[in-house]
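Below is one structure, written out as structure tokens; the observations come after it.
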Amino acid sequence: MEKLPAKRSLFDTFLEEINDEESVSDFPNNETSIEIEEKIWMEDENSSTNSKNLKAFDDAFETMYGNNEVSSTHIQKLSEEFQENCVHMINTIKTQSELIEIEKSKYNVLENESASTINKLQLEVAKLNFQLKQQSSFSSFIGSILCYYLWKATEISSVIDLILQKDNITNMATFIANILSSFIKSYEYQQMPSIQTKETQFVLQILRILANLTTTKSGCHFFSQVNDGINIVNLIVTLVLCTPPSNNILKNIAYATLYNVSIQFNGYLLMKNSKLIQTLQNDIKVVPTRDNNTILFSLNLLLSLSRKMDKSMYLIFKNEINLQEILKLTKYTETELTARKIFDNINIASKKFTEKSE
């Protein structure tokens, strides 16, 4: 029986390959000795560089962990701790993000609620303003009617005497002062409403009552000597300053009332006001018409204030009154006499106080 060749092992095959490589290397090489030396030098350089890199790595490792060898167990433990810290950080960030979202949601809800509340409040304010305007308009309407009939009643002297009794006039003065003060505050720095409005009609009727009350000596005494009356005179002066030419009826009645006060009990001293004289100067420039005769009322008041001028009043006239404007008015029949008297009074005061100063 013919013997089969023995089966070659893996080790035999590997050994045979090594022998083949050695036999190939024994063959003569075409490389020169110089090239061989360069290769050897390059291998030495690479080896030296690798040694330096390994040494630097070893030094860094020793700096971190010391000279002791670090076991794989320790490295695994460090790795697990690092993983746990990362997981904890991720969970913390996730929790914080959820909390932020919750707070955002709460804020949005509050914002929507506050916006809704503000809208409701604005609607309520608008409704209250509307109701207040309605009530104010109604009060002005009722007030103007009552004051109209009271104005008509004060044309009777016995009614004036009744009103001027101490308790009556004090209560009435407080009421009138509140009305005038409120009206002035509302329109001192903005356009005053037309004379046709209920509010302005209410004030007009009050001024007419005051004009009638100041036609008597007792009335002038109250408005020039008693604090409650003096307060009303000051309010009338302020009202004149903020009344536009278009409301000439209102201004005319105010001027008439001030004139009545000025001619009794030195009431003119209450009107020693440069702004008032300036307003009168502006009003005498307006050419009188059938519908606007403010110039006549302003001239009468100027005449009254120029009769007994002291030095301070004279200086106000000197600074605010243009004598040429006064002279122009002497050319018109309606204003000739009054304008001439004003001109003469100013000249007399000028000579008086100029001579004293010299």
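Each chain of the structure tokens is named A, B, ... in the order shown, its residues numbered from 1; ligands are numbered from 1 in display order.
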- Query: Could you name the residues that touch Gln191 of chain A at 10 Å or less, counting only C-alpha atoms, but leaving out those on the same chain fewer than 4 positions away, as an MDAnalysis selection string?
  - Reply: chainID A and resid 186:187 242:244
- Task: Tell me which protein, DNA and RNA residues are within 8 Å of Ile342 of chain A, counting only C-alpha atoms, leaving out same-chain ones fewer than 5 positions away, and put them as a PyMOL selection string.
- Result: chain A and resi 302-303+306+326
Now that the selection is made, can you save its residues with N, CA, C and O atoms as a short mmCIF file (atom, residue, chain, number, x, y, z; two decimals), in the first residue's frame?
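out_34.cif, freshly written:
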```cif
data_model
loop_
_atom_site.label_atom_id
_atom_site.label_comp_id
_atom_site.auth_asym_id
_atom_site.auth_seq_id
_atom_site.Cartn_x
_atom_site.Cartn_y
_atom_site.Cartn_z
N LEU A 302 -59.35 150.25 31.87
CA LEU A 302 -58.08 150.98 31.85
C LEU A 302 -58.23 152.38 32.45
O LEU A 302 -57.35 152.86 33.20
N LEU A 303 -59.32 153.02 32.14
CA LEU A 303 -59.58 154.36 32.68
C LEU A 303 -59.66 154.31 34.21
O LEU A 303 -59.06 155.15 34.91
N SER A 306 -56.29 153.80 35.78
CA SER A 306 -55.33 154.91 35.58
C SER A 306 -55.65 156.14 36.43
O SER A 306 -54.88 157.10 36.46
N ILE A 326 -53.45 154.54 22.20
CA ILE A 326 -54.48 155.31 22.90
C ILE A 326 -54.88 156.55 22.08
O ILE A 326 -56.07 156.87 21.94
#
```
- Could you give me the residues within segment 145-223 of chain A that DSSP places in helix (DSSP H, G or I), as a ChimeraX atom specification? /A:145-153,157-163,166-187,198-213,217-223
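If only C-alpha atoms are the atoms counted, then among A:Ile118, A:Leu250, A:Ile179, A:Val261 the closest residue to Gln196 of chain A is A:Leu250.
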- Message: List the spatial neighbours of Gln264 of chain A as a VMD selection string - criterion: any atom at most 9 Å away, only C-alpha atoms, same-chain residues fewer than 6 positions off excluded.
- Response: chain A and resid 217 220 to 221 224
Can you pull out every residue within 10 Å of segment 226-238 of chain A, counting only C-alpha atoms, but drop anything in the same chain fewer than 4 positions away, and send it as a PDB file with N, CA, C and O atoms, in the first residue's frame?
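Result saved to result38.pdb:
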```pdb
ATOM      1  N   ILE A 169     -73.622 134.698  51.307  1.00  0.00           N
ATOM      2  CA  ILE A 169     -72.575 135.090  50.370  1.00  0.00           C
ATOM      3  C   ILE A 169     -71.317 134.241  50.569  1.00  0.00           C
ATOM      4  O   ILE A 169     -70.599 133.945  49.606  1.00  0.00           O
ATOM      5  N   THR A 170     -71.041 133.817  51.819  1.00  0.00           N
ATOM      6  CA  THR A 170     -69.855 132.973  52.067  1.00  0.00           C
ATOM      7  C   THR A 170     -70.002 131.627  51.382  1.00  0.00           C
ATOM      8  O   THR A 170     -69.079 131.145  50.705  1.00  0.00           O
ATOM      9  N   ASN A 171     -71.166 131.009  51.534  1.00  0.00           N
ATOM     10  CA  ASN A 171     -71.413 129.714  50.884  1.00  0.00           C
ATOM     11  C   ASN A 171     -71.412 129.851  49.364  1.00  0.00           C
ATOM     12  O   ASN A 171     -70.860 129.008  48.644  1.00  0.00           O
ATOM     13  N   MET A 172     -72.027 130.923  48.900  1.00  0.00           N
ATOM     14  CA  MET A 172     -72.090 131.148  47.458  1.00  0.00           C
ATOM     15  C   MET A 172     -70.695 131.420  46.897  1.00  0.00           C
ATOM     16  O   MET A 172     -70.354 130.952  45.796  1.00  0.00           O
ATOM     17  N   ALA A 173     -69.868 132.168  47.632  1.00  0.00           N
ATOM     18  CA  ALA A 173     -68.511 132.478  47.171  1.00  0.00           C
ATOM     19  C   ALA A 173     -67.671 131.200  47.038  1.00  0.00           C
ATOM     20  O   ALA A 173     -66.892 131.055  46.088  1.00  0.00           O
ATOM     21  N   THR A 174     -67.832 130.276  47.977  1.00  0.00           N
ATOM     22  CA  THR A 174     -67.105 128.995  47.909  1.00  0.00           C
ATOM     23  C   THR A 174     -67.528 128.209  46.675  1.00  0.00           C
ATOM     24  O   THR A 174     -66.691 127.647  45.951  1.00  0.00           O
ATOM     25  N   ILE A 176     -68.895 129.425  43.853  1.00  0.00           N
ATOM     26  CA  ILE A 176     -68.439 130.126  42.645  1.00  0.00           C
ATOM     27  C   ILE A 176     -66.936 129.938  42.437  1.00  0.00           C
ATOM     28  O   ILE A 176     -66.472 129.708  41.313  1.00  0.00           O
ATOM     29  N   ALA A 177     -66.161 130.026  43.526  1.00  0.00           N
ATOM     30  CA  ALA A 177     -64.704 129.857  43.422  1.00  0.00           C
ATOM     31  C   ALA A 177     -64.351 128.469  42.891  1.00  0.00           C
ATOM     32  O   ALA A 177     -63.437 128.315  42.056  1.00  0.00           O
ATOM     33  N   ASN A 178     -65.060 127.446  43.338  1.00  0.00           N
ATOM     34  CA  ASN A 178     -64.802 126.082  42.863  1.00  0.00           C
ATOM     35  C   ASN A 178     -65.107 125.946  41.370  1.00  0.00           C
ATOM     36  O   ASN A 178     -64.349 125.307  40.622  1.00  0.00           O
ATOM     37  N   LEU A 180     -65.205 128.403  39.020  1.00  0.00           N
ATOM     38  CA  LEU A 180     -64.239 129.171  38.222  1.00  0.00           C
ATOM     39  C   LEU A 180     -62.868 128.516  38.216  1.00  0.00           C
ATOM     40  O   LEU A 180     -62.199 128.452  37.177  1.00  0.00           O
ATOM     41  N   SER A 181     -62.427 128.029  39.379  1.00  0.00           N
ATOM     42  CA  SER A 181     -61.113 127.383  39.477  1.00  0.00           C
ATOM     43  C   SER A 181     -61.045 126.147  38.595  1.00  0.00           C
ATOM     44  O   SER A 181     -60.051 125.924  37.879  1.00  0.00           O
ATOM     45  N   ILE A 184     -60.927 127.234  34.873  1.00  0.00           N
ATOM     46  CA  ILE A 184     -59.616 127.801  34.513  1.00  0.00           C
ATOM     47  C   ILE A 184     -58.567 126.697  34.381  1.00  0.00           C
ATOM     48  O   ILE A 184     -57.768 126.693  33.428  1.00  0.00           O
ATOM     49  N   GLU A 188     -56.826 126.659  30.876  1.00  0.00           N
ATOM     50  CA  GLU A 188     -55.775 127.680  30.971  1.00  0.00           C
ATOM     51  C   GLU A 188     -54.734 127.509  29.881  1.00  0.00           C
ATOM     52  O   GLU A 188     -54.173 128.483  29.384  1.00  0.00           O
ATOM     53  N   LEU A 207     -70.681 134.813  36.021  1.00  0.00           N
ATOM     54  CA  LEU A 207     -70.090 136.140  35.886  1.00  0.00           C
ATOM     55  C   LEU A 207     -71.167 137.229  35.863  1.00  0.00           C
ATOM     56  O   LEU A 207     -70.962 138.332  36.419  1.00  0.00           O
ATOM     57  N   LEU A 210     -72.158 137.867  39.393  1.00  0.00           N
ATOM     58  CA  LEU A 210     -71.126 138.652  40.069  1.00  0.00           C
ATOM     59  C   LEU A 210     -71.172 140.119  39.638  1.00  0.00           C
ATOM     60  O   LEU A 210     -70.985 141.032  40.466  1.00  0.00           O
ATOM     61  N   GLY A 219     -71.723 144.916  47.951  1.00  0.00           N
ATOM     62  CA  GLY A 219     -71.133 143.880  47.093  1.00  0.00           C
ATOM     63  C   GLY A 219     -69.677 144.180  46.795  1.00  0.00           C
ATOM     64  O   GLY A 219     -68.808 143.299  46.888  1.00  0.00           O
ATOM     65  N   CYS A 220     -69.366 145.430  46.450  1.00  0.00           N
ATOM     66  CA  CYS A 220     -67.972 145.814  46.176  1.00  0.00           C
ATOM     67  C   CYS A 220     -67.106 145.661  47.421  1.00  0.00           C
ATOM     68  O   CYS A 220     -65.935 145.281  47.321  1.00  0.00           O
ATOM     69  N   HIS A 221     -67.685 145.955  48.597  1.00  0.00           N
ATOM     70  CA  HIS A 221     -66.932 145.791  49.837  1.00  0.00           C
ATOM     71  C   HIS A 221     -66.546 144.330  50.038  1.00  0.00           C
ATOM     72  O   HIS A 221     -65.405 144.010  50.411  1.00  0.00           O
ATOM     73  N   PHE A 222     -67.491 143.425  49.806  1.00  0.00           N
ATOM     74  CA  PHE A 222     -67.199 142.003  49.989  1.00  0.00           C
ATOM     75  C   PHE A 222     -66.101 141.549  49.035  1.00  0.00           C
ATOM     76  O   PHE A 222     -65.167 140.853  49.428  1.00  0.00           O
ATOM     77  N   CYS A 242     -56.801 134.024  30.124  1.00  0.00           N
ATOM     78  CA  CYS A 242     -56.834 132.832  29.261  1.00  0.00           C
ATOM     79  C   CYS A 242     -58.061 132.780  28.346  1.00  0.00           C
ATOM     80  O   CYS A 242     -58.275 131.782  27.648  1.00  0.00           O
ATOM     81  N   THR A 243     -58.864 133.852  28.344  1.00  0.00           N
ATOM     82  CA  THR A 243     -60.044 133.879  27.471  1.00  0.00           C
ATOM     83  C   THR A 243     -59.669 134.444  26.106  1.00  0.00           C
ATOM     84  O   THR A 243     -59.157 135.562  26.012  1.00  0.00           O
ATOM     85  N   LYS A 251     -65.501 137.666  28.168  1.00  0.00           N
ATOM     86  CA  LYS A 251     -64.493 138.646  28.577  1.00  0.00           C
ATOM     87  C   LYS A 251     -65.145 139.984  28.920  1.00  0.00           C
ATOM     88  O   LYS A 251     -64.737 140.652  29.890  1.00  0.00           O
ATOM     89  N   ILE A 253     -68.138 140.579  30.205  1.00  0.00           N
ATOM     90  CA  ILE A 253     -68.782 140.518  31.531  1.00  0.00           C
ATOM     91  C   ILE A 253     -67.721 140.502  32.625  1.00  0.00           C
ATOM     92  O   ILE A 253     -67.896 141.131  33.679  1.00  0.00           O
ATOM     93  N   ALA A 254     -66.601 139.808  32.363  1.00  0.00           N
ATOM     94  CA  ALA A 254     -65.502 139.775  33.337  1.00  0.00           C
ATOM     95  C   ALA A 254     -64.926 141.180  33.536  1.00  0.00           C
ATOM     96  O   ALA A 254     -64.684 141.621  34.668  1.00  0.00           O
ATOM     97  N   TYR A 255     -64.712 141.910  32.426  1.00  0.00           N
ATOM     98  CA  TYR A 255     -64.200 143.285  32.514  1.00  0.00           C
ATOM     99  C   TYR A 255     -65.184 144.184  33.268  1.00  0.00           C
ATOM    100  O   TYR A 255     -64.771 145.052  34.067  1.00  0.00           O
ATOM    101  N   THR A 257     -67.296 143.323  35.603  1.00  0.00           N
ATOM    102  CA  THR A 257     -67.227 142.989  37.034  1.00  0.00           C
ATOM    103  C   THR A 257     -65.986 143.607  37.677  1.00  0.00           C
ATOM    104  O   THR A 257     -66.064 144.191  38.766  1.00  0.00           O
ATOM    105  N   LEU A 258     -64.844 143.481  36.997  1.00  0.00           N
ATOM    106  CA  LEU A 258     -63.601 144.059  37.523  1.00  0.00           C
ATOM    107  C   LEU A 258     -63.712 145.577  37.610  1.00  0.00           C
ATOM    108  O   LEU A 258     -63.203 146.204  38.560  1.00  0.00           O
ATOM    109  N   VAL A 261     -65.655 146.571  40.735  1.00  0.00           N
ATOM    110  CA  VAL A 261     -64.848 146.402  41.956  1.00  0.00           C
ATOM    111  C   VAL A 261     -63.790 147.487  42.044  1.00  0.00           C
ATOM    112  O   VAL A 261     -63.484 147.995  43.137  1.00  0.00           O
ATOM    113  N   GLY A 267     -60.465 149.084  45.210  1.00  0.00           N
ATOM    114  CA  GLY A 267     -60.454 147.745  44.605  1.00  0.00           C
ATOM    115  C   GLY A 267     -59.476 147.625  43.449  1.00  0.00           C
ATOM    116  O   GLY A 267     -59.043 146.516  43.102  1.00  0.00           O
ATOM    117  N   LEU A 270     -56.267 145.502  43.612  1.00  0.00           N
ATOM    118  CA  LEU A 270     -56.277 144.046  43.373  1.00  0.00           C
ATOM    119  C   LEU A 270     -55.892 143.720  41.926  1.00  0.00           C
ATOM    120  O   LEU A 270     -55.609 142.565  41.612  1.00  0.00           O
ATOM    121  N   MET A 271     -55.882 144.733  41.059  1.00  0.00           N
ATOM    122  CA  MET A 271     -55.635 144.510  39.632  1.00  0.00           C
ATOM    123  C   MET A 271     -54.298 145.067  39.186  1.00  0.00           C
ATOM    124  O   MET A 271     -54.079 145.339  38.015  1.00  0.00           O
ATOM    125  N   ASN A 273     -51.593 144.201  38.016  1.00  0.00           N
ATOM    126  CA  ASN A 273     -51.093 142.973  37.401  1.00  0.00           C
ATOM    127  C   ASN A 273     -50.626 143.303  35.978  1.00  0.00           C
ATOM    128  O   ASN A 273     -51.429 143.718  35.136  1.00  0.00           O
ATOM    129  N   LYS A 275     -49.758 141.404  33.542  1.00  0.00           N
ATOM    130  CA  LYS A 275     -50.372 140.570  32.497  1.00  0.00           C
ATOM    131  C   LYS A 275     -51.780 141.039  32.171  1.00  0.00           C
ATOM    132  O   LYS A 275     -52.220 140.971  31.011  1.00  0.00           O
ATOM    133  N   LEU A 276     -52.484 141.508  33.193  1.00  0.00           N
ATOM    134  CA  LEU A 276     -53.830 142.041  32.956  1.00  0.00           C
ATOM    135  C   LEU A 276     -53.751 143.303  32.094  1.00  0.00           C
ATOM    136  O   LEU A 276     -54.509 143.454  31.125  1.00  0.00           O
TER     137      LEU A 276
END
```
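Shortest atom-to-atom contact with Ala339 of chain A among A:Ile321, A:Asn300, A:Lys351, A:Ser79: A:Asn300, counting only C-alpha atoms.
With atom CA of Asp310 of chain A on one side and atom CA of Thr354 of chain A on the other, the separation reads 12.4 Å.
Rounded to one decimal, atom CA of Glu336 of chain A and atom CA of Leu204 of chain A lie 29.3 Å from each other.
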- Message: Can you pull out the residues contacting Ile295 of chain A? Cut-off 12 Å, using only C-alpha atoms, and skip same-chain residues under 6 positions away; I want them as a PyMOL selection string.
- Response: chain A and resi 245+248-249+251-252+255-256+279-289+301-302+325-326+329+332+334-335+338-339
Residue selection dump (N, CA and C atoms) as a compact mmCIF listing (two decimals), in the first residue's frame:
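Produced file result34.txt, reproduced below:
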```
# COMPACT_ATOMS: atom_id res chain seq x y z
N PRO A 245 -60.13 136.07 22.22
CA PRO A 245 -61.01 137.12 21.68
C PRO A 245 -62.34 136.59 21.17
N ASN A 248 -65.70 136.85 23.31
CA ASN A 248 -65.73 138.25 23.74
C ASN A 248 -66.84 138.53 24.75
N ILE A 249 -67.96 137.80 24.69
CA ILE A 249 -69.05 138.03 25.65
C ILE A 249 -68.59 137.70 27.07
N LYS A 251 -65.50 137.67 28.17
CA LYS A 251 -64.49 138.65 28.58
C LYS A 251 -65.15 139.98 28.92
N ASN A 252 -66.15 140.39 28.17
CA ASN A 252 -66.82 141.67 28.44
C ASN A 252 -67.45 141.69 29.84
N TYR A 255 -64.71 141.91 32.43
CA TYR A 255 -64.20 143.29 32.51
C TYR A 255 -65.18 144.18 33.27
N ALA A 256 -66.47 144.00 33.02
CA ALA A 256 -67.49 144.83 33.69
C ALA A 256 -67.45 144.58 35.20
N THR A 279 -53.01 142.39 28.58
CA THR A 279 -54.20 141.86 27.90
C THR A 279 -55.14 143.00 27.49
N LEU A 280 -55.29 143.97 28.36
CA LEU A 280 -56.13 145.14 28.02
C LEU A 280 -55.55 145.90 26.83
N GLN A 281 -54.22 146.04 26.80
CA GLN A 281 -53.55 146.70 25.68
C GLN A 281 -53.83 145.96 24.37
N ASN A 282 -53.79 144.64 24.41
CA ASN A 282 -54.07 143.85 23.20
C ASN A 282 -55.52 144.00 22.76
N ASP A 283 -56.42 144.10 23.74
CA ASP A 283 -57.84 144.18 23.40
C ASP A 283 -58.25 145.53 22.83
N ILE A 284 -57.52 146.60 23.16
CA ILE A 284 -57.90 147.90 22.60
C ILE A 284 -57.45 148.06 21.15
N LYS A 285 -56.67 147.08 20.67
CA LYS A 285 -56.25 147.13 19.27
C LYS A 285 -57.32 146.59 18.34
N VAL A 286 -58.29 145.85 18.91
CA VAL A 286 -59.35 145.24 18.10
C VAL A 286 -60.38 146.30 17.71
N VAL A 287 -60.59 146.44 16.43
CA VAL A 287 -61.57 147.43 15.94
C VAL A 287 -62.97 146.99 16.35
N PRO A 288 -63.74 147.85 17.02
CA PRO A 288 -65.08 147.47 17.49
C PRO A 288 -66.05 147.21 16.33
N THR A 289 -66.86 146.20 16.49
CA THR A 289 -67.91 145.87 15.51
C THR A 289 -69.22 145.69 16.27
N LEU A 301 -62.12 149.84 31.86
CA LEU A 301 -61.32 149.30 32.96
C LEU A 301 -59.96 150.00 33.03
N LEU A 302 -59.35 150.25 31.87
CA LEU A 302 -58.08 150.98 31.85
C LEU A 302 -58.23 152.38 32.45
N GLU A 325 -51.33 153.95 20.54
CA GLU A 325 -52.59 153.21 20.35
C GLU A 325 -53.73 153.95 21.03
N ILE A 326 -53.45 154.54 22.20
CA ILE A 326 -54.48 155.31 22.90
C ILE A 326 -54.88 156.55 22.08
N LEU A 329 -57.30 156.01 19.25
CA LEU A 329 -58.70 155.81 19.64
C LEU A 329 -59.43 157.12 19.91
N TYR A 332 -62.13 158.19 17.18
CA TYR A 332 -63.44 157.55 17.02
C TYR A 332 -64.40 158.09 18.07
N GLU A 334 -66.95 156.68 19.60
CA GLU A 334 -67.27 155.79 20.72
C GLU A 334 -66.16 155.75 21.78
N THR A 335 -64.95 155.98 21.33
CA THR A 335 -63.81 155.80 22.24
C THR A 335 -63.06 157.11 22.54
N THR A 338 -63.05 158.49 26.45
CA THR A 338 -62.36 157.54 27.36
C THR A 338 -60.88 157.48 27.05
N ALA A 339 -60.52 157.40 25.75
CA ALA A 339 -59.11 157.31 25.36
C ALA A 339 -58.37 158.58 25.76
```
